[in-house]
>>> print(open('run.txt').read())   # compact mmCIF, C-alpha atoms and all ligand atoms
# COMPACT_ATOMS: atom_id res chain seq x y z
CA MET Z 1 122.20 142.87 58.08
CA ASP Z 2 119.11 142.18 60.16
CA LYS Z 3 115.94 144.23 59.69
CA ARG Z 4 116.16 146.06 63.04
CA LEU Z 5 119.69 147.27 62.25
CA GLU Z 6 118.76 148.21 58.69
CA LEU Z 7 115.89 150.35 60.00
CA HIS Z 8 118.13 151.86 62.67
CA TYR Z 9 120.64 153.10 60.07
CA GLU Z 10 117.86 154.14 57.68
CA LYS Z 11 116.41 156.39 60.40
CA LEU Z 12 119.86 157.57 61.47
CA SER Z 13 120.81 158.49 57.90
CA GLU Z 14 118.55 161.54 58.25
CA ILE Z 15 120.69 162.96 61.06
CA TYR Z 16 123.98 161.03 60.71
CA ASN Z 17 126.25 163.79 59.46
CA ASP Z 18 124.67 166.32 61.89
CA LEU Z 19 125.72 164.12 64.80
CA TRP Z 20 129.18 165.59 64.57
CA GLU Z 21 128.10 169.22 64.96
CA THR Z 22 128.81 168.75 68.69
CA ARG Z 23 132.43 168.01 67.75
CA PRO Z 24 133.39 169.97 64.63
CA ASP Z 25 137.12 169.10 64.84
CA TYR Z 26 136.50 165.40 65.23
CA PRO Z 27 136.19 164.22 61.58
CA ASP Z 28 139.57 165.77 60.63
CA TRP Z 29 141.18 164.44 63.82
CA MET Z 30 139.88 160.92 63.20
CA ALA Z 31 140.76 160.98 59.49
CA GLU Z 32 144.33 161.91 60.46
CA GLN Z 33 144.51 159.04 63.00
CA ILE Z 34 143.46 156.68 60.23
CA ARG Z 35 145.73 158.16 57.54
CA GLU Z 36 148.82 158.07 59.78
CA ARG Z 37 148.33 154.49 60.89
CA LEU Z 38 147.58 153.21 57.40
CA ARG Z 39 150.39 155.34 55.91
CA VAL Z 40 148.01 156.10 53.07
CA ALA Z 41 149.81 157.14 49.89
CA SER Z 42 148.60 158.18 46.49
CA GLY Z 43 147.46 155.40 44.18
CA GLN Z 44 147.03 152.76 46.91
CA ARG Z 45 144.15 150.32 46.68
CA ILE Z 46 142.02 151.21 49.72
CA ALA Z 47 138.86 149.55 51.05
CA ASP Z 48 136.58 151.02 53.73
CA ILE Z 49 134.23 148.33 55.07
CA GLY Z 50 131.12 149.60 56.88
CA VAL Z 51 131.83 153.00 55.34
CA GLY Z 52 128.50 154.59 56.35
CA THR Z 53 128.17 158.07 54.87
CA GLY Z 54 131.88 158.35 54.10
CA LEU Z 55 132.49 161.07 56.68
CA PHE Z 56 136.11 159.94 57.22
CA LEU Z 57 136.67 158.26 53.91
CA SER Z 58 135.98 161.51 52.04
CA ARG Z 59 139.10 162.89 53.71
CA LEU Z 60 141.13 160.05 52.16
CA LEU Z 61 139.87 160.80 48.68
CA PRO Z 62 142.83 163.07 47.79
CA TYR Z 63 144.94 159.88 47.84
CA ALA Z 64 142.61 158.03 45.46
CA THR Z 65 142.33 158.25 41.69
CA PRO Z 66 139.58 157.15 39.28
CA GLN Z 67 141.85 154.17 38.44
CA THR Z 68 142.35 153.28 42.11
CA PRO Z 69 139.07 154.41 43.74
CA VAL Z 70 138.41 153.88 47.46
CA VAL Z 71 136.23 150.76 47.58
CA SER Z 72 133.39 151.76 49.91
CA VAL Z 73 131.37 148.83 51.24
CA ASP Z 74 128.23 149.05 53.37
CA PRO Z 75 124.94 147.08 53.52
CA SER Z 76 122.82 150.20 54.20
CA ALA Z 77 121.43 151.69 50.98
CA ALA Z 78 120.25 154.76 52.94
CA LEU Z 79 123.78 155.55 54.17
CA LEU Z 80 125.48 154.76 50.85
CA GLU Z 81 123.20 157.29 49.19
CA LEU Z 82 124.89 159.99 51.28
CA LEU Z 83 128.38 159.17 49.97
CA PRO Z 84 129.95 161.94 47.93
CA GLN Z 85 129.43 161.53 44.19
CA ASP Z 86 133.05 161.21 43.11
CA PRO Z 87 134.82 159.07 40.48
CA ARG Z 88 137.54 158.31 43.07
CA LEU Z 89 135.03 156.30 45.07
CA HIS Z 90 133.55 152.91 44.20
CA ALA Z 91 130.47 152.07 46.32
CA VAL Z 92 129.40 148.47 46.91
CA GLN Z 93 126.23 147.56 48.80
CA ALA Z 94 127.19 144.47 50.81
CA THR Z 95 128.04 143.20 54.26
CA ALA Z 96 131.61 142.31 55.21
CA GLU Z 97 130.44 138.70 55.43
CA GLU Z 98 129.26 138.81 51.79
CA VAL Z 99 132.65 140.20 50.73
CA VAL Z 100 134.42 137.34 52.51
CA ALA Z 101 132.06 134.76 50.99
CA GLY Z 102 132.89 136.13 47.52
CA ASP Z 103 129.22 137.02 46.91
CA VAL Z 104 130.11 140.47 45.58
CA LEU Z 105 132.61 141.58 43.02
CA LEU Z 106 135.16 144.20 44.12
CA PRO Z 107 137.35 146.08 41.63
CA PHE Z 108 140.56 144.63 43.20
CA ASP Z 109 141.40 141.16 44.51
CA THR Z 110 143.83 142.51 47.09
CA PHE Z 111 144.25 145.85 48.89
CA ASP Z 112 147.12 147.95 50.25
CA SER Z 113 144.93 149.41 53.02
CA ILE Z 114 141.71 148.20 54.62
CA VAL Z 115 139.89 150.26 57.24
CA ILE Z 116 136.86 149.38 59.33
CA LYS Z 117 135.64 152.10 61.66
CA GLU Z 118 133.02 151.39 64.29
CA ALA Z 119 131.44 148.51 62.41
CA VAL Z 120 133.03 145.25 63.67
CA HIS Z 121 130.47 145.00 66.50
CA HIS Z 122 127.90 144.24 63.79
CA PHE Z 123 129.77 141.25 62.34
CA THR Z 124 128.04 137.96 63.01
CA ASP Z 125 131.20 135.81 62.95
CA LEU Z 126 134.07 138.10 63.88
CA GLU Z 127 136.89 135.57 63.52
CA LYS Z 128 135.84 134.23 60.14
CA THR Z 129 135.02 137.68 58.73
CA LEU Z 130 138.17 139.47 59.89
CA SER Z 131 140.55 136.66 58.98
CA GLY Z 132 138.78 136.41 55.61
CA LEU Z 133 139.20 140.14 54.96
CA ALA Z 134 142.84 139.96 56.14
CA ALA Z 135 143.44 137.38 53.42
CA ARG Z 136 142.77 140.16 50.88
CA LEU Z 137 145.58 142.35 52.20
CA ALA Z 138 148.54 142.57 49.81
CA PRO Z 139 152.15 142.03 51.02
CA GLY Z 140 153.27 145.19 52.85
CA GLY Z 141 149.59 146.13 53.35
CA ARG Z 142 147.95 147.52 56.50
CA PHE Z 143 144.56 146.73 58.01
CA LEU Z 144 143.15 149.15 60.60
CA ILE Z 145 140.17 148.56 62.83
CA VAL Z 146 138.89 151.53 64.81
CA ALA Z 147 136.39 150.75 67.55
CA LEU Z 148 135.04 151.92 70.86
CA PRO Z 149 136.37 149.74 73.66
CA PRO Z 150 133.74 147.77 75.63
CA GLN Z 151 134.02 150.24 78.57
CA ILE Z 152 133.04 153.77 77.49
CA ASP Z 153 132.70 157.00 79.47
CA TYR Z 154 129.57 158.24 77.68
CA PRO Z 155 126.95 159.83 79.97
CA LEU Z 156 124.41 157.09 79.29
CA PHE Z 157 122.16 155.14 81.64
CA LYS Z 158 123.58 152.04 83.27
CA ALA Z 159 121.56 149.44 81.32
CA ALA Z 160 122.79 150.96 78.02
CA LEU Z 161 126.43 150.99 79.17
CA ASP Z 162 126.13 147.37 80.34
CA ARG Z 163 124.54 146.25 77.09
CA PHE Z 164 127.11 148.13 75.04
CA ALA Z 165 129.96 146.44 76.98
CA SER Z 166 128.45 143.00 76.45
CA GLU Z 167 128.03 143.51 72.68
CA GLN Z 168 131.34 145.22 71.90
CA PRO Z 169 134.13 142.82 70.87
CA ASP Z 170 137.27 142.70 72.98
CA PRO Z 171 140.25 144.38 71.21
CA GLU Z 172 142.41 141.31 71.95
CA GLN Z 173 139.84 139.13 70.21
CA ILE Z 174 139.87 141.45 67.19
CA ALA Z 175 143.69 141.32 67.05
CA ALA Z 176 143.63 137.51 67.34
CA SER Z 177 141.27 137.31 64.34
CA LEU Z 178 143.65 139.43 62.24
CA GLU Z 179 146.57 137.26 63.34
CA LEU Z 180 144.65 134.19 62.16
CA GLY Z 181 144.70 135.87 58.75
CA GLY Z 182 148.51 136.03 58.91
CA LEU Z 183 148.92 139.65 60.14
CA LYS Z 184 151.21 141.07 62.82
CA THR Z 185 149.14 143.28 65.15
CA THR Z 186 149.53 146.21 67.52
CA ILE Z 187 146.87 147.83 69.71
CA SER Z 188 146.83 151.51 70.71
CA TYR Z 189 144.34 153.88 72.35
CA LYS Z 190 143.60 157.55 71.82
CA GLU Z 191 141.03 159.90 73.36
CA PHE Z 192 139.09 162.80 71.89
CA PRO Z 193 137.74 165.22 74.55
CA LEU Z 194 134.09 166.16 74.17
CA SER Z 195 131.93 168.89 75.60
CA VAL Z 196 128.26 168.50 74.71
CA ASP Z 197 125.26 170.61 75.63
CA ARG Z 198 123.18 168.52 78.05
CA ASP Z 199 119.86 169.10 76.21
CA LYS Z 200 121.46 168.22 72.88
CA TRP Z 201 122.84 165.01 74.41
CA LEU Z 202 119.41 164.07 75.78
CA ARG Z 203 117.95 164.62 72.29
CA LEU Z 204 120.63 162.41 70.71
CA VAL Z 205 119.90 159.64 73.20
CA SER Z 206 116.15 159.93 72.66
CA ASP Z 207 116.83 159.76 68.88
CA ARG Z 208 118.71 156.49 69.62
CA TRP Z 209 121.87 157.75 67.92
CA MET Z 210 123.86 154.69 68.98
CA SER Z 211 122.74 151.31 67.62
CA VAL Z 212 122.77 149.87 71.17
CA LEU Z 213 119.90 152.25 72.02
CA SER Z 214 117.73 150.81 69.26
CA ASN Z 215 117.33 147.66 71.37
CA PHE Z 216 115.52 149.45 74.19
CA SER Z 217 111.73 149.76 74.28
CA ASP Z 218 110.23 153.27 74.38
CA GLY Z 219 109.44 152.79 78.09
CA ASP Z 220 112.96 151.60 78.97
CA LEU Z 221 114.48 154.47 76.98
CA ALA Z 222 112.25 157.03 78.79
CA GLN Z 223 113.39 155.52 82.11
CA GLY Z 224 117.01 155.70 80.93
CA LEU Z 225 116.62 159.38 79.96
CA LYS Z 226 115.31 160.12 83.46
CA GLU Z 227 118.35 158.38 84.93
CA ILE Z 228 120.68 160.55 82.81
CA GLU Z 229 118.78 163.72 83.81
CA GLN Z 230 119.11 162.90 87.50
CA HIS Z 231 122.76 161.90 87.27
CA TYR Z 232 124.08 164.68 85.01
CA THR Z 233 122.79 168.06 86.14
CA LEU Z 234 125.33 170.51 84.67
CA PRO Z 235 124.35 172.33 81.42
CA ARG Z 236 127.38 170.87 79.61
CA LEU Z 237 128.61 167.29 79.70
CA GLU Z 238 132.37 166.80 79.52
CA PHE Z 239 133.71 163.36 78.71
CA ASN Z 240 136.32 161.59 76.62
CA ASP Z 241 135.58 159.57 73.52
CA ARG Z 242 138.15 156.79 73.78
CA PHE Z 243 139.03 154.76 70.71
CA VAL Z 244 140.99 151.61 70.26
CA PHE Z 245 143.04 151.21 67.07
CA ILE Z 246 143.95 147.65 66.12
CA LEU Z 247 146.50 147.64 63.32
CA GLY Z 248 147.39 144.52 61.34
CA GLU Z 249 150.36 144.42 58.98
CA ARG Z 250 151.29 141.85 56.39
CA PRO Z 251 155.06 141.69 55.96
CA ALA Z 252 156.31 142.75 52.53
CA ALA Z 253 157.00 139.79 50.25
C1 LIG K 1 128.42 153.20 63.47
S1 LIG K 1 128.29 153.09 61.74
C2 LIG K 1 129.93 153.60 61.24
C3 LIG K 1 129.98 154.15 59.85
C4 LIG K 1 131.32 154.74 59.43
N1 LIG K 1 132.37 153.75 59.39
C5 LIG K 1 131.69 155.88 60.36
O1 LIG K 1 132.54 155.67 61.22
O2 LIG K 1 131.10 156.96 60.21
C6 LIG K 1 128.31 151.34 61.45
C7 LIG K 1 128.23 150.97 59.98
O3 LIG K 1 128.38 149.54 59.85
C8 LIG K 1 127.51 149.12 58.82
N2 LIG K 1 127.28 147.66 58.98
C9 LIG K 1 126.34 147.02 59.71
N3 LIG K 1 126.47 145.68 59.58
C10 LIG K 1 127.54 145.48 58.75
C11 LIG K 1 128.16 144.30 58.21
N4 LIG K 1 127.74 143.09 58.54
N5 LIG K 1 129.20 144.46 57.35
C12 LIG K 1 129.65 145.72 57.03
N6 LIG K 1 129.10 146.86 57.52
C13 LIG K 1 128.05 146.74 58.37
C14 LIG K 1 126.26 149.98 59.02
O4 LIG K 1 125.43 150.00 57.87
C15 LIG K 1 126.91 151.33 59.33
O5 LIG K 1 127.18 152.08 58.18
>>> encode(input="run.txt", output="structure tokens")
Amino acid sequence: MDKRLELHYEKLSEIYNDLWETRPDYPDWMAEQIRERLRVASGQRIADIGVGTGLFLSRLLPYATPQTPVVSVDPSAALLELLPQDPRLHAVQATAEEVVAGDVLLPFDTFDSIVIKEAVHHFTDLEKTLSGLAARLAPGGRFLIVALPPQIDYPLFKAALDRFASEQPDPEQIAASLELGGLKTTISYKEFPLSVDRDKWLRLVSDRWMSVLSNFSDGDLAQGLKEIEQHYTLPRLEFNDRFVFILGERPAA
């Protein structure tokens, strides 16, 4: 992980779990989207790559045991520190690329479920990394990637939306990488409606809550905040958070 990104997540770790106070029902909703698609069952070997603080993963813990802990991989030490202390969780500080290269030891060679939520946009070589991770999926296993699509409806300034779109991988490209790893894929979309206090949203943007915002200089961000203020004048901002779910399945042996 490059230094800028490491610092971004280190700073964000201080407020990461508070980000969701604007959407209290969201973590349960998202955890259910993940659980359903992966068909998570007790005793499965599960890996969460780019786990962050474990906000969603902690809701999968009832399906884990100390013998089959959820393998929780992330390069950010600051975020990993916020993971729940639980014997059903096995934390590994590494990038997805290091896992694929075999530079880190995981407790299992293959997995029944692999989930990556909102982290694939950080992978340096998407095709190699995703097909390499897919190779670790056991027969009958499921691999779920949750991402924001390149076009989002967030009330951001135009330069941020454009940069986000240019950096976010295309869902078809993600699916093709999983297929290279021998998986059968399906793509689906689901929206979560949001209503956020305008001042709170402006604070989140000025705190650079999305990694794309960490690329803007202080001056460009101040200009962007002005643009948002002029464009969105109501006290509450209503928009949809739209997610794409790319599911890969390896046929049972
Ligand atoms: C937007 S956060 C998502 C965290 C968590 N999955 C969630 O949804 O709350 C992106 C995560 O990807 C991690 N990350 C960045 N580069 C990565 C890489 N090359 N391999 C794996 N994870 C990475 C970051 O440290 C961060 O925890």
>>> residues_near_ligand(input="run.txt", ligand="ligand LIG 1 (chain K)", cutoff="9 Å", atoms="all atoms listed in the file", output="ChimeraX atom specification")
/Z:1-2,5-6,8-10,16-17,27,48-57,73-80,94-99,115-124,146-147,210-211
>>> closest_residue(input="run.txt", among="Z:Thr233, Z:Ser217, Z:Thr65, Z:Thr129", to="Arg45 (chain Z)", atoms="all atoms listed in the file")
Z:Thr65
>>> atom_distance(input="run.txt", atom1="CA of Arg4 (chain Z)", atom2="CA of Ser206 (chain Z)")
16.9 Å
>>> closest_residue(input="run.txt", among="Z:Asp220, Z:Asp25, Z:Glu167, Z:Asp241", to="Ile152 (chain Z)", atoms="only C-alpha atoms")
Z:Asp241
>>> atom_distance(input="run.txt", atom1="CA of Leu7 (chain Z)", atom2="CA of Ser214 (chain Z)")
9.5 Å
>>> atom_distance(input="run.txt", atom1="CA of Trp201 (chain Z)", atom2="CA of Arg242 (chain Z)")
17.4 Å
>>> closest_residue(input="run.txt", among="Z:Leu89, Z:Leu126, Z:Ile114, Z:Leu202", to="Arg142 (chain Z)", atoms="all atoms listed in the file")
Z:Ile114
>>> closest_residue(input="run.txt", among="Z:Val100, Z:Leu221, Z:Leu130, Z:Ile228", to="Gly182 (chain Z)", atoms="only C-alpha atoms")
Z:Leu130
>>> closest_residue(input="run.txt", among="Z:Val92, Z:Leu148, Z:Val244, Z:Val212", to="Tyr189 (chain Z)", atoms="all atoms listed in the file")
Z:Val244
>>> residues_around(input="run.txt", residues="Gln44 (chain Z)", least_positions_apart="4", cutoff="8 Å", atoms="all atoms listed in the file", output="list in words")
Val40, Tyr63, Ala64, Thr68, Phe111, Asp112 and Ser113 of chain Z
>>> closest_residue(input="run.txt", among="Z:Leu61, Z:Gln168, Z:Ala252, Z:Lys158", to="Ala41 (chain Z)", atoms="all atoms listed in the file")
Z:Leu61
>>> axis_aligned_box(input="run.txt", around="region 233-247 of chain Z", padding_each_side="5 Å", output="lines of an AutoDock Vina configuration file")
center_x = 134.6
center_y = 160.0
center_z = 74.7
size_x = 33.7
size_y = 34.7
size_z = 32.8
